[in-house]
>>> print(open('coords-v2.tsv').read())   # TSV, C-alpha atoms and all ligand atoms
chain	number	residue	atom	x	y	z
B	396	MET	CA	23.67	11.48	-24.85
B	397	THR	CA	23.17	10.76	-28.51
B	398	LYS	CA	19.85	11.86	-29.86
B	399	ALA	CA	18.18	9.86	-32.62
B	400	PRO	CA	17.52	12.12	-35.60
B	401	ARG	CA	13.74	12.45	-35.80
B	402	SER	CA	13.74	13.18	-39.52
B	403	ASN	CA	15.26	9.80	-40.23
B	404	ALA	CA	11.92	8.00	-39.61
B	405	LYS	CA	12.74	5.14	-41.96
B	406	LYS	CA	15.61	3.94	-39.85
B	407	PRO	CA	14.52	3.87	-36.21
B	408	GLU	CA	16.17	0.49	-35.56
B	409	PRO	CA	19.85	1.54	-35.49
B	410	ALA	CA	19.03	4.46	-33.20
B	411	ARG	CA	17.19	2.19	-30.78
B	412	ARG	CA	20.01	-0.28	-30.96
B	413	ARG	CA	22.48	2.48	-30.20
B	414	PHE	CA	20.37	3.51	-27.22
B	415	ASN	CA	20.16	-0.10	-25.98
B	416	GLY	CA	23.89	-0.37	-26.43
B	417	LEU	CA	24.35	2.74	-24.34
B	418	LEU	CA	22.16	1.24	-21.59
B	419	VAL	CA	24.31	-1.88	-21.59
B	420	VAL	CA	27.45	0.23	-21.28
B	421	LEU	CA	25.88	2.22	-18.43
B	422	ALA	CA	24.83	-1.00	-16.68
B	423	VAL	CA	28.36	-2.37	-16.98
B	424	VAL	CA	29.77	0.85	-15.56
B	425	VAL	CA	27.35	0.73	-12.62
B	426	VAL	CA	28.22	-2.92	-11.93
B	427	LEU	CA	31.93	-2.12	-12.07
B	428	VAL	CA	31.61	0.85	-9.74
B	429	VAL	CA	29.45	-1.03	-7.23
B	430	GLY	CA	31.66	-4.11	-7.50
B	431	PHE	CA	34.78	-2.06	-6.99
B	432	GLY	CA	33.27	-0.47	-3.91
B	433	ALA	CA	32.29	-3.87	-2.50
B	434	ALA	CA	35.71	-5.27	-3.32
B	435	GLN	CA	37.30	-2.40	-1.43
B	436	VAL	CA	35.19	-3.18	1.61
B	437	TYR	CA	36.31	-6.81	1.59
B	438	PHE	CA	39.77	-6.73	0.12
B	439	GLY	CA	40.80	-3.08	0.36
B	440	LEU	CA	42.06	-3.60	3.88
B	441	ASN	CA	45.57	-3.52	2.44
B	442	GLY	CA	46.08	0.15	3.04
B	443	VAL	CA	44.50	0.35	6.47
B	444	GLU	CA	46.75	-1.80	8.61
B	445	SER	CA	46.35	0.71	11.37
B	446	ALA	CA	44.28	3.56	9.93
B	447	GLY	CA	41.12	1.44	9.84
B	448	ALA	CA	41.87	-0.23	13.14
B	449	ALA	CA	38.81	1.11	14.91
B	450	ARG	CA	36.52	-0.48	12.39
B	451	ILE	CA	37.81	-4.06	12.51
B	452	GLY	CA	36.80	-6.59	15.16
B	453	GLY	CA	34.31	-6.27	17.96
B	454	PRO	CA	32.31	-8.18	20.53
B	455	PHE	CA	31.23	-11.76	19.92
B	456	THR	CA	29.54	-14.61	21.72
B	457	LEU	CA	30.41	-18.05	20.38
B	458	ILE	CA	30.80	-21.70	21.45
B	459	ASP	CA	34.24	-23.23	21.99
B	460	GLN	CA	35.38	-26.77	21.21
B	461	ASP	CA	34.28	-27.92	24.66
B	462	GLY	CA	30.76	-26.61	24.14
B	463	ARG	CA	31.24	-23.63	26.42
B	464	THR	CA	29.82	-20.22	25.61
B	465	VAL	CA	32.66	-17.72	25.32
B	466	SER	CA	32.78	-14.04	24.46
B	467	ASP	CA	35.51	-11.64	23.41
B	468	LYS	CA	35.68	-10.48	27.04
B	469	ASP	CA	36.96	-13.90	28.11
B	470	PHE	CA	40.17	-13.11	26.21
B	471	ARG	CA	40.91	-9.75	27.85
B	472	GLY	CA	44.44	-9.57	29.13
B	473	LYS	CA	45.65	-11.91	26.40
B	474	TRP	CA	46.65	-11.24	22.85
B	475	MET	CA	44.66	-13.12	20.23
B	476	LEU	CA	45.67	-14.34	16.81
B	477	VAL	CA	42.30	-14.78	15.15
B	478	TYR	CA	41.87	-16.77	11.97
B	479	PHE	CA	38.58	-17.45	10.19
B	480	GLY	CA	38.34	-20.77	8.37
B	481	PHE	CA	36.73	-24.19	8.38
B	482	THR	CA	37.83	-27.70	9.23
B	483	PHE	CA	37.03	-29.17	5.80
B	484	CYS	CA	39.33	-26.64	4.09
B	485	PRO	CA	41.84	-28.59	2.00
B	486	ASP	CA	44.74	-26.15	1.93
B	487	ILE	CA	44.77	-22.52	3.05
B	488	CYS	CA	43.32	-23.06	6.51
B	489	PRO	CA	45.67	-25.84	7.65
B	490	THR	CA	48.62	-23.92	6.19
B	491	SER	CA	47.67	-20.68	7.95
B	492	LEU	CA	46.90	-22.36	11.27
B	493	ALA	CA	50.18	-24.29	11.23
B	494	ARG	CA	52.01	-21.09	10.27
B	495	ASN	CA	50.45	-19.17	13.17
B	496	ASP	CA	51.41	-21.94	15.57
B	497	ASP	CA	54.98	-21.96	14.24
B	498	ALA	CA	55.19	-18.20	14.83
B	499	LEU	CA	54.07	-18.58	18.44
B	500	ALA	CA	56.50	-21.44	18.98
B	501	MET	CA	59.33	-19.14	17.81
B	502	LEU	CA	58.45	-16.74	20.61
B	503	GLY	CA	59.16	-19.31	23.30
B	504	ASP	CA	57.86	-18.24	26.72
B	505	LYS	CA	56.55	-14.97	25.29
B	506	GLY	CA	54.25	-16.97	23.04
B	507	VAL	CA	52.01	-17.98	25.94
B	508	LYS	CA	50.70	-14.42	26.05
B	509	VAL	CA	48.99	-15.08	22.74
B	510	VAL	CA	45.92	-17.27	22.23
B	511	PRO	CA	45.58	-18.61	18.70
B	512	VAL	CA	41.91	-18.78	17.71
B	513	LEU	CA	40.07	-20.39	14.82
B	514	ILE	CA	36.58	-19.04	14.18
B	515	SER	CA	34.62	-21.33	11.88
B	516	VAL	CA	32.91	-19.91	8.82
B	517	ASP	CA	31.19	-23.29	8.41
B	518	PRO	CA	28.86	-23.44	11.41
B	519	GLU	CA	26.66	-26.07	9.75
B	520	ARG	CA	29.38	-28.73	9.76
B	521	ASP	CA	31.84	-27.41	12.33
B	522	THR	CA	30.26	-28.62	15.56
B	523	PRO	CA	32.20	-28.16	18.81
B	524	GLU	CA	33.06	-31.88	18.67
B	525	ARG	CA	34.45	-31.61	15.19
B	526	LEU	CA	36.44	-28.49	16.12
B	527	LYS	CA	37.84	-30.29	19.14
B	528	ASP	CA	39.28	-33.06	16.98
B	529	TYR	CA	40.60	-30.52	14.51
B	530	VAL	CA	42.31	-27.97	16.77
B	531	LYS	CA	44.25	-30.54	18.80
B	532	PHE	CA	45.81	-31.59	15.53
B	533	PHE	CA	47.60	-28.22	15.42
B	534	SER	CA	48.27	-27.17	18.97
B	535	PRO	CA	46.89	-27.79	22.45
B	536	ARG	CA	46.49	-24.04	22.82
B	537	LEU	CA	44.48	-23.43	19.65
B	538	VAL	CA	40.92	-22.41	20.57
B	539	GLY	CA	38.19	-23.39	18.11
B	540	LEU	CA	35.03	-21.30	18.04
B	541	THR	CA	31.77	-21.92	16.25
B	542	GLY	CA	28.18	-20.81	16.75
B	543	SER	CA	24.86	-20.35	15.05
B	544	PRO	CA	24.94	-19.19	11.43
B	545	GLN	CA	23.70	-15.85	12.74
B	546	GLN	CA	26.48	-15.54	15.34
B	547	ILE	CA	29.09	-16.43	12.74
B	548	ALA	CA	27.65	-13.92	10.28
B	549	GLU	CA	27.87	-11.21	12.93
B	550	VAL	CA	31.47	-11.83	13.94
B	551	ALA	CA	32.52	-12.19	10.29
B	552	ARG	CA	30.89	-8.85	9.52
B	553	GLU	CA	32.73	-7.18	12.40
B	554	TYR	CA	36.05	-8.52	11.14
B	555	ARG	CA	35.09	-7.83	7.51
B	556	VAL	CA	35.63	-11.45	6.66
B	557	TYR	CA	34.21	-12.62	3.37
B	558	TYR	CA	32.91	-16.20	3.18
B	559	ALA	CA	30.56	-17.99	0.80
B	560	LYS	CA	29.75	-21.57	-0.10
B	561	ALA	CA	31.36	-22.73	-3.32
B	562	GLY	CA	32.05	-25.86	-5.31
B	563	GLN	CA	28.96	-27.60	-4.00
B	564	LYS	CA	28.61	-31.11	-5.37
B	565	ASP	CA	26.03	-32.24	-2.85
B	566	ASP	CA	24.93	-31.16	0.60
B	567	ALA	CA	27.91	-32.65	2.39
B	568	THR	CA	30.88	-31.77	0.20
B	569	TYR	CA	30.73	-28.04	-0.37
B	570	LEU	CA	33.76	-25.83	0.04
B	571	ILE	CA	33.77	-22.30	1.36
B	572	ASP	CA	35.53	-19.40	-0.26
B	573	HIS	CA	36.82	-17.13	2.44
B	574	SER	CA	39.32	-14.41	3.14
B	575	ALA	CA	42.43	-15.73	4.86
B	576	LEU	CA	43.83	-12.93	7.00
B	577	THR	CA	44.99	-13.50	10.56
B	578	TYR	CA	43.98	-10.71	12.94
B	579	LEU	CA	46.04	-9.65	15.91
B	580	ILE	CA	43.88	-8.43	18.77
B	581	GLY	CA	45.46	-6.70	21.75
B	582	PRO	CA	44.89	-7.47	25.45
B	583	ASP	CA	42.33	-4.65	25.52
B	584	GLY	CA	40.25	-6.36	22.83
B	585	ARG	CA	41.22	-3.90	20.13
B	586	PHE	CA	42.38	-4.79	16.65
B	587	VAL	CA	46.10	-4.15	16.22
B	588	GLN	CA	46.92	-5.39	12.73
B	589	PHE	CA	46.45	-8.30	10.39
B	590	PHE	CA	48.82	-10.74	8.74
B	591	ARG	CA	48.33	-11.92	5.19
B	592	ALA	CA	48.20	-15.55	4.17
B	593	GLN	CA	51.63	-15.09	2.58
B	594	ALA	CA	53.32	-13.82	5.77
B	595	SER	CA	56.00	-16.17	7.05
B	596	PRO	CA	56.14	-17.53	10.61
B	597	GLN	CA	59.30	-15.46	11.10
B	598	GLU	CA	57.62	-12.21	10.01
B	599	ILE	CA	54.77	-12.78	12.44
B	600	ALA	CA	57.10	-13.81	15.24
B	601	ASP	CA	59.27	-10.72	14.68
B	602	ARG	CA	56.28	-8.42	14.81
B	603	LEU	CA	54.86	-10.07	17.93
B	604	ASN	CA	58.28	-9.90	19.55
B	605	GLU	CA	58.22	-6.11	19.10
B	606	LEU	CA	54.73	-5.79	20.54
B	607	LEU	CA	54.66	-8.24	23.45
Z	1	NI	NI	40.30	-22.27	4.19
>>> encode(input="coords-v2.tsv", output="structure tokens")
Amino acid sequence: MTKAPRSNAKKPEPARRRFNGLLVVLAVVVVLVVGFGAAQVYFGLNGVESAGAARIGGPFTLIDQDGRTVSDKDFRGKWMLVYFGFTFCPDICPTSLARNDDALAMLGDKGVKVVPVLISVDPERDTPERLKDYVKFFSPRLVGLTGSPQQIAEVAREYRVYYAKAGQKDDATYLIDHSALTYLIGPDGRFVQFFRAQASPQEIADRLNELL
């Protein structure tokens, strides 16, 4: 800490300015440290493909595209490829969902052991009816899940999925920023690993082929 020289009573301003400057620097450091920590929680999953397995995923109760209440337990005995997104997404979501479906198609008969799932991060607009129209566009086996904002917040927290409204022009045309990982859940309901948005259908198919 710099100490303002007390004898220099005629020039208190620069000292105060220096102190204020120091506070600003400290504040920036605190913001950076906190921000880095938060970023690690959301995006630092890179290094924990299996090490952090126990802390990703968990129980959920949601509504499927036919309006039925479903929980994670309804998927026991099947593998799940879980993707979080929203039906109004212009690019990443359709690309990822089509990619996941391509990967399952590459597995042939083995692919039926895996249920591809879309969990909406836009519960306000993604009604079961809207999801129904959307999922059949990709694959008859794609399951669309939505729920109350509270239910979605809970499942997103369990999967450490980041999502936030963005680019809002009016009430109806907002976009949602969201993380775009696909999570592989085993038949016992436990997280196995995730696939990045950049992973190719072949990479995913190869990995699933090893596991199934
Ligand atoms: Ni998206």
>>> closest_residue(input="coords-v2.tsv", among="B:Tyr558, B:Phe481, B:Phe455, B:Phe589", to="ligand NI 1 (chain Z)", atoms="only C-alpha atoms and all ligand atoms")
B:Phe481
>>> atom_distance(input="coords-v2.tsv", atom1="CA of Val516 in chain B", atom2="CA of Gly480 in chain B")
5.5 Å
>>> atom_distance(input="coords-v2.tsv", atom1="CA of Leu492 in chain B", atom2="CA of Tyr478 in chain B")
7.6 Å
>>> closest_residue(input="coords-v2.tsv", among="B:Phe470, B:Phe533, B:Tyr578, B:Tyr557", to="ligand NI 1 (chain Z)", atoms="all atoms listed in the file")
B:Tyr557
>>> residues_around(input="coords-v2.tsv", residues="Gln545 in chain B", least_positions_apart="4", cutoff="12 Å", atoms="only C-alpha atoms", output="ChimeraX atom specification")
/B:455-457,516-519,541,549-552
>>> residues_near_ligand(input="coords-v2.tsv", ligand="ligand NI 1 (chain Z)", cutoff="9 Å", atoms="only C-alpha atoms and all ligand atoms", output="list in words")
Phe479, Gly480, Phe481, Thr482, Phe483, Cys484, Pro485, Asp486, Ile487, Cys488, Pro489, Thr490, Ser491, Leu570, Ile571, Asp572, His573, Ser574 and Ala575 of chain B
>>> axis_aligned_box(input="coords-v2.tsv", around="range 524-543 of chain B", padding_each_side="5 Å", output="AutoDock Vina command-line options")
--center_x 36.6 --center_y -26.7 --center_z 18.7 --size_x 33.4 --size_y 22.7 --size_z 18.3
>>> build_atoms(input="coords-v2.tsv", residues="range 569-580 of chain B", atoms="all heavy atoms", output="mmCIF file, in the frame of the given file")
data_model
loop_
_atom_site.group_PDB
_atom_site.id
_atom_site.type_symbol
_atom_site.label_atom_id
_atom_site.label_comp_id
_atom_site.auth_asym_id
_atom_site.auth_seq_id
_atom_site.Cartn_x
_atom_site.Cartn_y
_atom_site.Cartn_z
ATOM 1 N N TYR B 569 30.434 -29.384 0.107
ATOM 2 C CA TYR B 569 30.730 -28.040 -0.370
ATOM 3 C C TYR B 569 32.046 -27.507 0.229
ATOM 4 O O TYR B 569 32.500 -27.956 1.275
ATOM 5 C CB TYR B 569 29.581 -27.073 -0.043
ATOM 6 C CG TYR B 569 29.256 -26.964 1.432
ATOM 7 C CD1 TYR B 569 29.914 -26.048 2.242
ATOM 8 C CD2 TYR B 569 28.268 -27.765 2.007
ATOM 9 C CE1 TYR B 569 29.613 -25.941 3.589
ATOM 10 C CE2 TYR B 569 27.963 -27.665 3.350
ATOM 11 C CZ TYR B 569 28.638 -26.749 4.143
ATOM 12 O OH TYR B 569 28.343 -26.652 5.475
ATOM 13 N N LEU B 570 32.620 -26.574 -0.487
ATOM 14 C CA LEU B 570 33.760 -25.830 0.040
ATOM 15 C C LEU B 570 33.275 -24.432 0.394
ATOM 16 O O LEU B 570 32.157 -24.054 0.045
ATOM 17 C CB LEU B 570 34.877 -25.754 -0.994
ATOM 18 C CG LEU B 570 35.565 -27.071 -1.337
ATOM 19 C CD1 LEU B 570 36.583 -26.865 -2.451
ATOM 20 C CD2 LEU B 570 36.234 -27.672 -0.109
ATOM 21 N N ILE B 571 34.126 -23.674 1.034
ATOM 22 C CA ILE B 571 33.770 -22.300 1.360
ATOM 23 C C ILE B 571 34.903 -21.386 0.942
ATOM 24 O O ILE B 571 36.042 -21.570 1.364
ATOM 25 C CB ILE B 571 33.482 -22.151 2.880
ATOM 26 C CG1 ILE B 571 32.247 -22.969 3.244
ATOM 27 C CG2 ILE B 571 33.285 -20.679 3.244
ATOM 28 C CD1 ILE B 571 31.831 -22.878 4.687
ATOM 29 N N ASP B 572 34.572 -20.448 0.073
ATOM 30 C CA ASP B 572 35.530 -19.400 -0.260
ATOM 31 C C ASP B 572 35.580 -18.446 0.926
ATOM 32 O O ASP B 572 34.534 -18.054 1.440
ATOM 33 C CB ASP B 572 35.056 -18.605 -1.488
ATOM 34 C CG ASP B 572 35.269 -19.377 -2.777
ATOM 35 O OD1 ASP B 572 36.151 -20.253 -2.804
ATOM 36 O OD2 ASP B 572 34.543 -19.096 -3.741
ATOM 37 N N HIS B 573 36.766 -18.065 1.321
ATOM 38 C CA HIS B 573 36.820 -17.130 2.440
ATOM 39 C C HIS B 573 38.126 -16.357 2.428
ATOM 40 O O HIS B 573 39.135 -16.829 1.892
ATOM 41 C CB HIS B 573 36.654 -17.872 3.776
ATOM 42 C CG HIS B 573 37.770 -18.845 4.067
ATOM 43 N ND1 HIS B 573 38.833 -18.537 4.868
ATOM 44 C CD2 HIS B 573 37.972 -20.117 3.666
ATOM 45 C CE1 HIS B 573 39.637 -19.570 4.943
ATOM 46 N NE2 HIS B 573 39.160 -20.556 4.218
ATOM 47 N N SER B 574 38.094 -15.181 3.018
ATOM 48 C CA SER B 574 39.320 -14.410 3.140
ATOM 49 C C SER B 574 40.196 -15.074 4.197
ATOM 50 O O SER B 574 39.709 -15.748 5.090
ATOM 51 C CB SER B 574 39.026 -12.944 3.479
ATOM 52 O OG SER B 574 37.995 -12.828 4.423
ATOM 53 N N ALA B 575 41.504 -14.903 4.057
ATOM 54 C CA ALA B 575 42.430 -15.730 4.860
ATOM 55 C C ALA B 575 43.427 -14.878 5.641
ATOM 56 O O ALA B 575 44.580 -15.236 5.781
ATOM 57 C CB ALA B 575 43.165 -16.706 3.943
ATOM 58 N N LEU B 576 42.945 -13.746 6.174
ATOM 59 C CA LEU B 576 43.830 -12.930 7.000
ATOM 60 C C LEU B 576 43.832 -13.442 8.429
ATOM 61 O O LEU B 576 42.861 -14.044 8.887
ATOM 62 C CB LEU B 576 43.351 -11.470 7.000
ATOM 63 C CG LEU B 576 43.288 -10.761 5.644
ATOM 64 C CD1 LEU B 576 42.711 -9.356 5.820
ATOM 65 C CD2 LEU B 576 44.653 -10.703 5.007
ATOM 66 N N THR B 577 44.925 -13.210 9.122
ATOM 67 C CA THR B 577 44.990 -13.500 10.560
ATOM 68 C C THR B 577 45.022 -12.159 11.283
ATOM 69 O O THR B 577 45.812 -11.280 10.939
ATOM 70 C CB THR B 577 46.250 -14.314 10.888
ATOM 71 O OG1 THR B 577 46.109 -15.627 10.339
ATOM 72 C CG2 THR B 577 46.439 -14.420 12.398
ATOM 73 N N TYR B 578 44.128 -11.995 12.249
ATOM 74 C CA TYR B 578 43.980 -10.710 12.940
ATOM 75 C C TYR B 578 44.652 -10.768 14.301
ATOM 76 O O TYR B 578 44.410 -11.698 15.076
ATOM 77 C CB TYR B 578 42.493 -10.376 13.125
ATOM 78 C CG TYR B 578 41.733 -10.317 11.822
ATOM 79 C CD1 TYR B 578 41.208 -11.476 11.252
ATOM 80 C CD2 TYR B 578 41.557 -9.109 11.157
ATOM 81 C CE1 TYR B 578 40.526 -11.437 10.047
ATOM 82 C CE2 TYR B 578 40.865 -9.061 9.951
ATOM 83 C CZ TYR B 578 40.356 -10.231 9.408
ATOM 84 O OH TYR B 578 39.683 -10.188 8.217
ATOM 85 N N LEU B 579 45.442 -9.762 14.582
ATOM 86 C CA LEU B 579 46.040 -9.650 15.910
ATOM 87 C C LEU B 579 45.195 -8.697 16.747
ATOM 88 O O LEU B 579 44.970 -7.546 16.369
ATOM 89 C CB LEU B 579 47.476 -9.113 15.795
ATOM 90 C CG LEU B 579 48.204 -8.909 17.121
ATOM 91 C CD1 LEU B 579 48.405 -10.236 17.864
ATOM 92 C CD2 LEU B 579 49.552 -8.221 16.891
ATOM 93 N N ILE B 580 44.703 -9.228 17.860
ATOM 94 C CA ILE B 580 43.880 -8.430 18.770
ATOM 95 C C ILE B 580 44.669 -8.231 20.069
ATOM 96 O O ILE B 580 45.239 -9.183 20.601
ATOM 97 C CB ILE B 580 42.545 -9.168 19.087
ATOM 98 C CG1 ILE B 580 41.804 -9.533 17.781
ATOM 99 C CG2 ILE B 580 41.649 -8.325 20.008
ATOM 100 C CD1 ILE B 580 41.375 -8.366 16.931
#
